[in-house]
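I have placed the structure first, in the form of structure tokens, so that the comments after it can refer back to it.
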Amino acid sequence: MLSRTADNLYWIARNIERAETTARFLEVGARIALLPSAAGYRNEWDSLLRASGTADGFAKKYGDPVQRNIESYLFFDYDNPSSVANCITRARENGRIVRTALTTQVWDALNTAFQELRQLERTPRSQLDLSRLTEWTMRHAAMVRGAIDATLLRNDGWDFLNLGYYLERADNTARLMDVKYYVLLPRVEYVGSGLDNYQWTTLLRAMSSHRAFHWAYGGEVTAGKIAHFLILNPQCPRSLITSIQGMNTHLDRLGRGYHRSSTAQGNARSLLAQLAEMRVEDVFEEGLHEFLSRFIGEVAQLGVVIHNSYLNGDVR
Amino acid sequence: MTSYFNEMYHDQAVRPPYARLQNWVQSMPAELRQMKQAEAEALFRRIGITFAVYGEGGDPDRLIPFDMFPRVFSGAEWSRLERGIKQRARALNAFLVDVYGRGEIVRAGRIPGRLVYQNEAYEKAVVGIVPPKGVYSHIVGIDLVRTGPDDFFVLEDNCRTPSGVSYMLENREIMMRMFPDIFRENRIEPVEQYPAALRRTLASVAPQKCDREPTVVILTPGHFNSAYYEHSFLADLMGVELVEGQDLFVEGEFVFMRTTEGPKRVDVIYRRIDDAFIDPLCFRPDSMLGIPGLMDVYRSGGVAICSAPGAGVADDKAVYTYVPEMIRFYLGEEPLLQNVPTWQCGKADDLKYVLEHLAELVVKEVHGSGGYGMLVGPKSTKDQVENFRARILADPGNYIAQPTLALSTTPTFVEEGVAPRHVDLRPYCLVGERIELVPGGLTRVALTEGSLVVNSSQGGGVKDTWVLAE
């Protein structure tokens with residue numbers, strides 16, 4: 001397939017996944033802000049912006065992190081490259097460019113999200129509460145994903161879409177977990193307290209994994225169990241290992257289909273091997289934040305390699 | 001007061017092709033009509049057919065209004081049109097091969113050499129090239145208007161990349177979805193074979209060096225172009241790749257596209273970009289859209305370009321006047337379709353006449369399109385007429401004038417019910433190894449009462465166009 005087509009498919013998935021994550025960020029923030037804390041309400045929204053990588057952009061435009069402004073910035077603001085509005089608009093534009101590589105159902109899902117977004121933008125903000133916005137985003141992300149799974153031909157285009165999904169999800173899960181680090185940063189003595197657990201639980205809820213966690217582990221919510229669940233447990237649909245496993249699956253499919261292996265395939269394989277051998281103790285020994293930062297870097301590097309292996313049009 | 005030919009009601013009777021529609025429209029309650037209209041609009045928006053108007057700003061996802069009242073031709077009417085259209089398409093292609101070759105028609109004094117060789121659209125870069133099968137213009141869109149039961153006039157020819165065919169296909173699709181009953185009652189010739197016919201036409205003009213099943217692509221300027229929807233729609237229905245300039249490159253004697261598995265050779269390019277932008281080495285060096293070296297490959301028979309570079313000289317509005325001459329000269333036949341009488345402001349006598357009758361005439365720029373830069377005398381204010389007079393005097397060679405034609409009307413759904421509105425017709429004639437014409441076309445309708453301008457950029461809409469089986 002045309003490299004440009006593959007690139008746009010890959011970015012449809014990345015943009016949709018990112019829109020969903022941004023909505024999840026908003027949800028985490030809103031829930032954490034409901035609880036009184038020593039550091040105060042203001043600081044926690046700030047932590048959230050920092051973990052999502054949007055703190056500088058926000059500070060330049062709005063200054064102090066007031067909840068309403070953060071909501072605008074994360075959902076509606078076209079100056080924020082990761083805002084839900086931006087991601088959905090871009091995903092739909094990617095879809096328009098490769099309209100011929102999509103089924104009517106997939107296009108319909110993308111286009112409907114975009115048309116409804118336009119309506120939301122015209123609706124007075126006083127009529128839109130945060131939970132409605134986050135639910136709306138997740139519903140449309142699910143519709144796009146469902147249309148892809150139910151109707152799309154399982155060819156190389158499907159692999160590029162999935163690569164986009166898994167790569168973005170690996171990055172985003174790591175970033176969401178990092179919120180916890182930023183929230184706790186000012187007051188280490190809270191570790192293990194009721195507040196600490198509340199924050200971990202909120203994180204699980206934001207990833208729609210609260211129930212799943214209890215099914216898988218049961219008992220007390222502890223940092224160790226959660227880290228294991230979100231990093232190393234292949235049963236968790238959003239865990240880092242599941243995401244990297246997914247990338248391996250699709251890179252291997254491409255390798256077989258094209259009768260040639262790529263650098264990306266090799267890199268993804270060694271990243272998976274690394275996670276497979278890891279114990280949760282290793283993560284804490286390295287430091288959760290340090291581990292996550294390193295992981296985010298490695299995933300970004302893998303993104304570059306995929307670009308060079310398939311998407312930049314210079315493949316020989 | 002001019003009287004206009006109404007294609008449905010003539011001499012107090014319903015003309016036969018519309019007989020069954022009489023019932024259909026009378027038995028449709030207003031609420032149902034409104035519901036169907038809303039449904040059609042939702043369908044168009046969902047499918048993503050939208051139209052951005054150059055230079056107007058505003059909503060880039062604007063819809064072209066769709067009118068549900070079909071426009072109908074009898075089989076006999078159509079077969080007359082069909083012969084005339086095919087005749088014209090053949091003559092235009094013969095003219096193109098000739099003027100880039102020996103120029104017999106100029107030597108014979110049947111058309112002034114100045115009009116051809118000094119024309120902006122004349123490409124010196126392709127002199128001496130005969131494209132595969134001797135075809136320069138593979139898709140000829142001929143704009144027709146009707147003024148009476150048997151009177152059809154050609155308004156202009158489009159030999160480069162006539163757009164709008166996606167509306168012909170989608171209008172039909174939506175009508176069939178919304179009103180299956182009227183399709184059962186009327187025997188309407190299908191149009192859905194168009195994409196397959198287009199693909200066949202393009203494959204039939206594969207270049208000399210292609211020794212296998214040709215790879216056909218559509219070349220688009222990109223997704224910001226107002227006709228992008230059409231490009232991707234056609235690529236989809238034809239099952240070919242939709243490429244941008246950046247996806248193609250020249251290596252050795254061939255053109256390749258960049259794929260995830262490495263370079264893949266391309267044999268036929270159906271380009272939807274202008275000559276000026278296809279190869280920066282040959283035409284505009286500042287073009288970001290083109291493929292450097294493409295013209296060298298084309299000249300040496302490594303790739304076919306459709307329409308062939310240089311085809312524009314045949315659809316120039318000044319050259320248009322001579323198309324009947326072309327038909328006589330190349331085919332030895334009498335033209336079956338009439339031209340609209342045209343005055344060329346570049347000629348002193350014509351200019352004098354035009355300036356004296358400005359308020360009655362339609363004046364157009366020679367290279368203009370889309371209904372821009374034109375004057376409709378009878379519909380303009382005194383000031384507008386005087387402004388235009390100054391523009392003509394500043395550069396007379398740039399303008400032609402035609403009488404204001406009494407464009408036929410067809411019934412159209414409007415706010416108050418059904419009312420006559422003016423229409424034109426653009427059929428799409430395919431020229432490759434064979435000449436084919438799908439029975440149908442794009443009917444454009446001027447939705448404003450009394451308006452004669454049907455261009456979508458000026459508030460025009462579209463209708464489904466039926467040809468009844470005999």
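Please note that chains go A, B, ... in the order of the structure tokens, that every chain numbers its residues from 1, and that ligands are numbered from 1 in the order shown.
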What residues in chain B have any atom no more than 8 Å from chain A when counting only C-alpha atoms, and can you write them as an mmCIF file with C-alpha atoms, in the first residue's frame?
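Output file out_26.cif is given in full below:
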```
data_model
loop_
_atom_site.group_PDB
_atom_site.id
_atom_site.type_symbol
_atom_site.label_atom_id
_atom_site.label_comp_id
_atom_site.auth_asym_id
_atom_site.auth_seq_id
_atom_site.Cartn_x
_atom_site.Cartn_y
_atom_site.Cartn_z
ATOM 1 C CA ARG B 46 -22.635 11.486 6.223
ATOM 2 C CA ILE B 47 -21.090 10.134 3.071
ATOM 3 C CA GLY B 48 -18.923 13.215 3.109
ATOM 4 C CA GLY B 222 -4.542 16.709 -2.157
ATOM 5 C CA HIS B 223 -7.254 16.691 0.437
ATOM 6 C CA SER B 232 -11.210 9.605 -3.700
ATOM 7 C CA PHE B 233 -14.700 8.453 -4.651
ATOM 8 C CA ALA B 235 -10.385 5.858 -6.944
ATOM 9 C CA ASP B 236 -12.491 3.791 -4.582
ATOM 10 C CA GLU B 241 -4.646 4.114 -5.795
ATOM 11 C CA ASP B 247 3.831 9.688 -3.657
ATOM 12 C CA MET B 257 4.846 5.165 -6.381
ATOM 13 C CA ARG B 258 6.182 4.952 -2.852
ATOM 14 C CA THR B 259 4.674 2.005 -1.019
ATOM 15 C CA THR B 260 5.295 0.266 2.285
ATOM 16 C CA GLU B 261 6.951 -2.536 0.310
ATOM 17 C CA GLY B 262 9.152 -0.311 -1.838
ATOM 18 C CA PRO B 263 8.684 1.309 -5.274
#
```
Tell me, which residues of region 75-247 of chain A carry DSSP alpha helix (DSSP H), written as a tab-separated table (two decimals) with C-alpha atoms, in the first residue's frame?
```
chain	number	residue	atom	x	y	z
A	84	VAL	CA	-9.80	15.96	22.26
A	85	ALA	CA	-11.09	18.38	19.62
A	86	ASN	CA	-7.73	18.44	17.88
A	87	CYS	CA	-7.28	14.68	17.94
A	88	ILE	CA	-10.76	13.98	16.60
A	89	THR	CA	-10.48	16.63	13.89
A	90	ARG	CA	-7.11	15.26	12.83
A	91	ALA	CA	-8.27	11.65	12.90
A	92	ARG	CA	-11.19	12.55	10.67
A	93	GLU	CA	-8.87	14.44	8.33
A	94	ASN	CA	-6.51	11.42	8.21
A	95	GLY	CA	-9.59	9.37	7.40
A	96	ARG	CA	-10.69	11.73	4.65
A	97	ILE	CA	-7.24	11.45	3.06
A	104	THR	CA	-18.15	3.08	5.03
A	105	GLN	CA	-18.70	2.10	8.66
A	106	VAL	CA	-15.27	3.26	9.78
A	107	TRP	CA	-15.59	6.50	7.87
A	108	ASP	CA	-19.06	6.96	9.26
A	109	ALA	CA	-17.80	6.53	12.82
A	110	LEU	CA	-15.01	9.07	12.28
A	111	ASN	CA	-17.22	11.53	10.49
A	112	THR	CA	-20.04	11.28	13.02
A	113	ALA	CA	-17.62	12.00	15.86
A	114	PHE	CA	-16.41	15.04	13.98
A	115	GLN	CA	-19.90	16.34	13.17
A	116	GLU	CA	-21.01	15.90	16.79
A	117	LEU	CA	-17.86	17.62	18.00
A	118	ARG	CA	-18.88	20.62	15.94
A	119	GLN	CA	-22.24	20.63	17.70
A	120	LEU	CA	-20.57	20.39	21.11
A	121	GLU	CA	-18.44	23.38	20.19
A	122	ARG	CA	-21.58	25.38	19.51
A	130	LEU	CA	-17.18	17.21	32.42
A	131	SER	CA	-18.49	13.68	32.74
A	132	ARG	CA	-20.64	14.15	29.66
A	133	LEU	CA	-17.57	15.22	27.68
A	134	THR	CA	-15.43	12.31	28.79
A	135	GLU	CA	-18.20	9.80	28.21
A	136	TRP	CA	-18.85	11.26	24.80
A	137	THR	CA	-15.19	10.89	23.86
A	138	MET	CA	-14.94	7.29	25.03
A	139	ARG	CA	-18.16	6.35	23.28
A	140	HIS	CA	-16.93	7.65	19.94
A	141	ALA	CA	-13.48	6.13	20.35
A	142	ALA	CA	-15.22	2.80	21.00
A	143	MET	CA	-17.40	3.23	17.91
A	144	VAL	CA	-14.39	3.83	15.68
A	145	ARG	CA	-12.54	0.89	17.19
A	146	GLY	CA	-15.61	-1.32	16.85
A	147	ALA	CA	-16.14	-0.37	13.21
A	148	ILE	CA	-12.51	-1.18	12.49
A	149	ASP	CA	-12.71	-4.56	14.18
A	150	ALA	CA	-16.05	-5.51	12.69
A	151	THR	CA	-15.71	-4.38	9.10
A	156	ASP	CA	-1.59	-4.51	5.93
A	157	GLY	CA	-3.74	-1.40	6.47
A	158	TRP	CA	-5.33	-3.11	9.46
A	159	ASP	CA	-1.85	-3.79	10.83
A	160	PHE	CA	-0.86	-0.14	10.53
A	161	LEU	CA	-4.02	0.93	12.31
A	162	ASN	CA	-3.32	-1.47	15.14
A	163	LEU	CA	0.31	-0.44	15.39
A	164	GLY	CA	-0.93	3.11	15.89
A	165	TYR	CA	-3.35	2.02	18.59
A	166	TYR	CA	-0.86	-0.05	20.55
A	167	LEU	CA	2.00	2.41	20.29
A	168	GLU	CA	-0.15	5.28	21.49
A	169	ARG	CA	-1.66	3.17	24.25
A	170	ALA	CA	1.76	2.08	25.54
A	171	ASP	CA	2.78	5.72	25.75
A	172	ASN	CA	-0.49	6.86	27.28
A	173	THR	CA	-0.77	4.22	29.98
A	174	ALA	CA	2.76	5.07	31.07
A	175	ARG	CA	1.85	8.76	31.19
A	176	LEU	CA	-1.37	8.16	33.12
A	177	MET	CA	0.55	6.18	35.72
A	178	ASP	CA	3.02	8.99	35.94
A	179	VAL	CA	0.23	11.34	37.10
A	180	LYS	CA	0.42	9.50	40.37
A	181	TYR	CA	4.09	10.29	40.64
A	182	TYR	CA	3.55	13.98	40.02
A	183	VAL	CA	0.65	14.17	42.45
A	184	LEU	CA	2.68	12.61	45.20
A	194	GLY	CA	-5.74	6.42	52.72
A	195	LEU	CA	-5.23	9.29	50.35
A	196	ASP	CA	-2.60	7.33	48.49
A	197	ASN	CA	-4.97	4.43	47.97
A	198	TYR	CA	-7.74	6.73	46.90
A	199	GLN	CA	-5.50	8.16	44.23
A	200	TRP	CA	-4.47	4.73	42.96
A	201	THR	CA	-8.09	3.67	42.81
A	202	THR	CA	-8.97	6.79	40.86
A	203	LEU	CA	-6.31	5.92	38.36
A	204	LEU	CA	-7.80	2.47	37.92
A	205	ARG	CA	-11.24	3.92	37.44
A	206	ALA	CA	-9.96	6.33	34.83
A	210	HIS	CA	-11.28	-0.89	38.52
A	211	ARG	CA	-13.42	-4.00	38.28
A	212	ALA	CA	-10.86	-5.85	36.23
A	213	PHE	CA	-8.27	-5.20	38.88
A	214	HIS	CA	-10.40	-6.79	41.57
A	215	TRP	CA	-11.12	-9.78	39.40
A	216	ALA	CA	-7.42	-10.24	38.83
A	223	ALA	CA	0.97	0.20	44.74
A	224	GLY	CA	2.74	-3.06	43.96
A	225	LYS	CA	-0.38	-4.79	42.68
A	226	ILE	CA	-1.40	-1.83	40.59
A	227	ALA	CA	2.02	-1.42	39.06
A	240	LEU	CA	2.39	-1.87	28.85
A	241	ILE	CA	3.13	-5.50	28.13
A	242	THR	CA	-0.21	-6.00	26.32
A	243	SER	CA	0.50	-2.95	24.16
A	244	ILE	CA	4.01	-4.08	23.26
A	245	GLN	CA	2.75	-7.61	22.63
A	246	GLY	CA	0.18	-6.15	20.24
A	247	MET	CA	2.84	-4.25	18.36
```
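Of note, CA of Arg426 (chain B) and CA of Ile142 (chain B) are spaced 5.6 Å apart.
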Nearest to Asn233 (chain A) among A:Val221, A:Ala276, A:Val66, A:Val28, with distances taken over only C-alpha atoms: which residue is it?
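Checking each of A:Val221, A:Ala276, A:Val66, A:Val28 against Asn233 (chain A), counting only C-alpha atoms, the winner is A:Ala276.
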Could you list, as a list in words, every residue within 7 Å of Thr161 (chain B), counting only C-alpha atoms and ignoring same-chain residues fewer than 4 positions away?
Ile139, Arg272 and Ser307 of chain B
Any idea what's packed within 8 Å of Gly397 (chain B), counting only C-alpha atoms, ignoring anything in its chain fewer than 3 positions away? Could you give it as a PDB file with N, CA and C atoms, in the first residue's frame?
```
ATOM      1  N   GLN B 344     -16.468  37.507 -30.669  1.00  0.00           N
ATOM      2  CA  GLN B 344     -15.154  37.592 -30.040  1.00  0.00           C
ATOM      3  C   GLN B 344     -14.752  39.043 -29.930  1.00  0.00           C
ATOM      4  N   CYS B 345     -14.603  39.482 -28.698  1.00  0.00           N
ATOM      5  CA  CYS B 345     -14.334  40.902 -28.488  1.00  0.00           C
ATOM      6  C   CYS B 345     -12.983  41.310 -29.083  1.00  0.00           C
ATOM      7  N   GLY B 346     -12.131  40.317 -29.357  1.00  0.00           N
ATOM      8  CA  GLY B 346     -10.854  40.609 -29.989  1.00  0.00           C
ATOM      9  C   GLY B 346     -11.005  41.095 -31.433  1.00  0.00           C
ATOM     10  N   LYS B 347     -12.152  40.783 -32.062  1.00  0.00           N
ATOM     11  CA  LYS B 347     -12.382  41.255 -33.433  1.00  0.00           C
ATOM     12  C   LYS B 347     -13.124  42.583 -33.375  1.00  0.00           C
ATOM     13  N   ILE B 400     -15.421  37.004 -24.609  1.00  0.00           N
ATOM     14  CA  ILE B 400     -16.341  36.626 -25.666  1.00  0.00           C
ATOM     15  C   ILE B 400     -17.753  36.949 -25.172  1.00  0.00           C
TER      16      ILE B 400
END
```
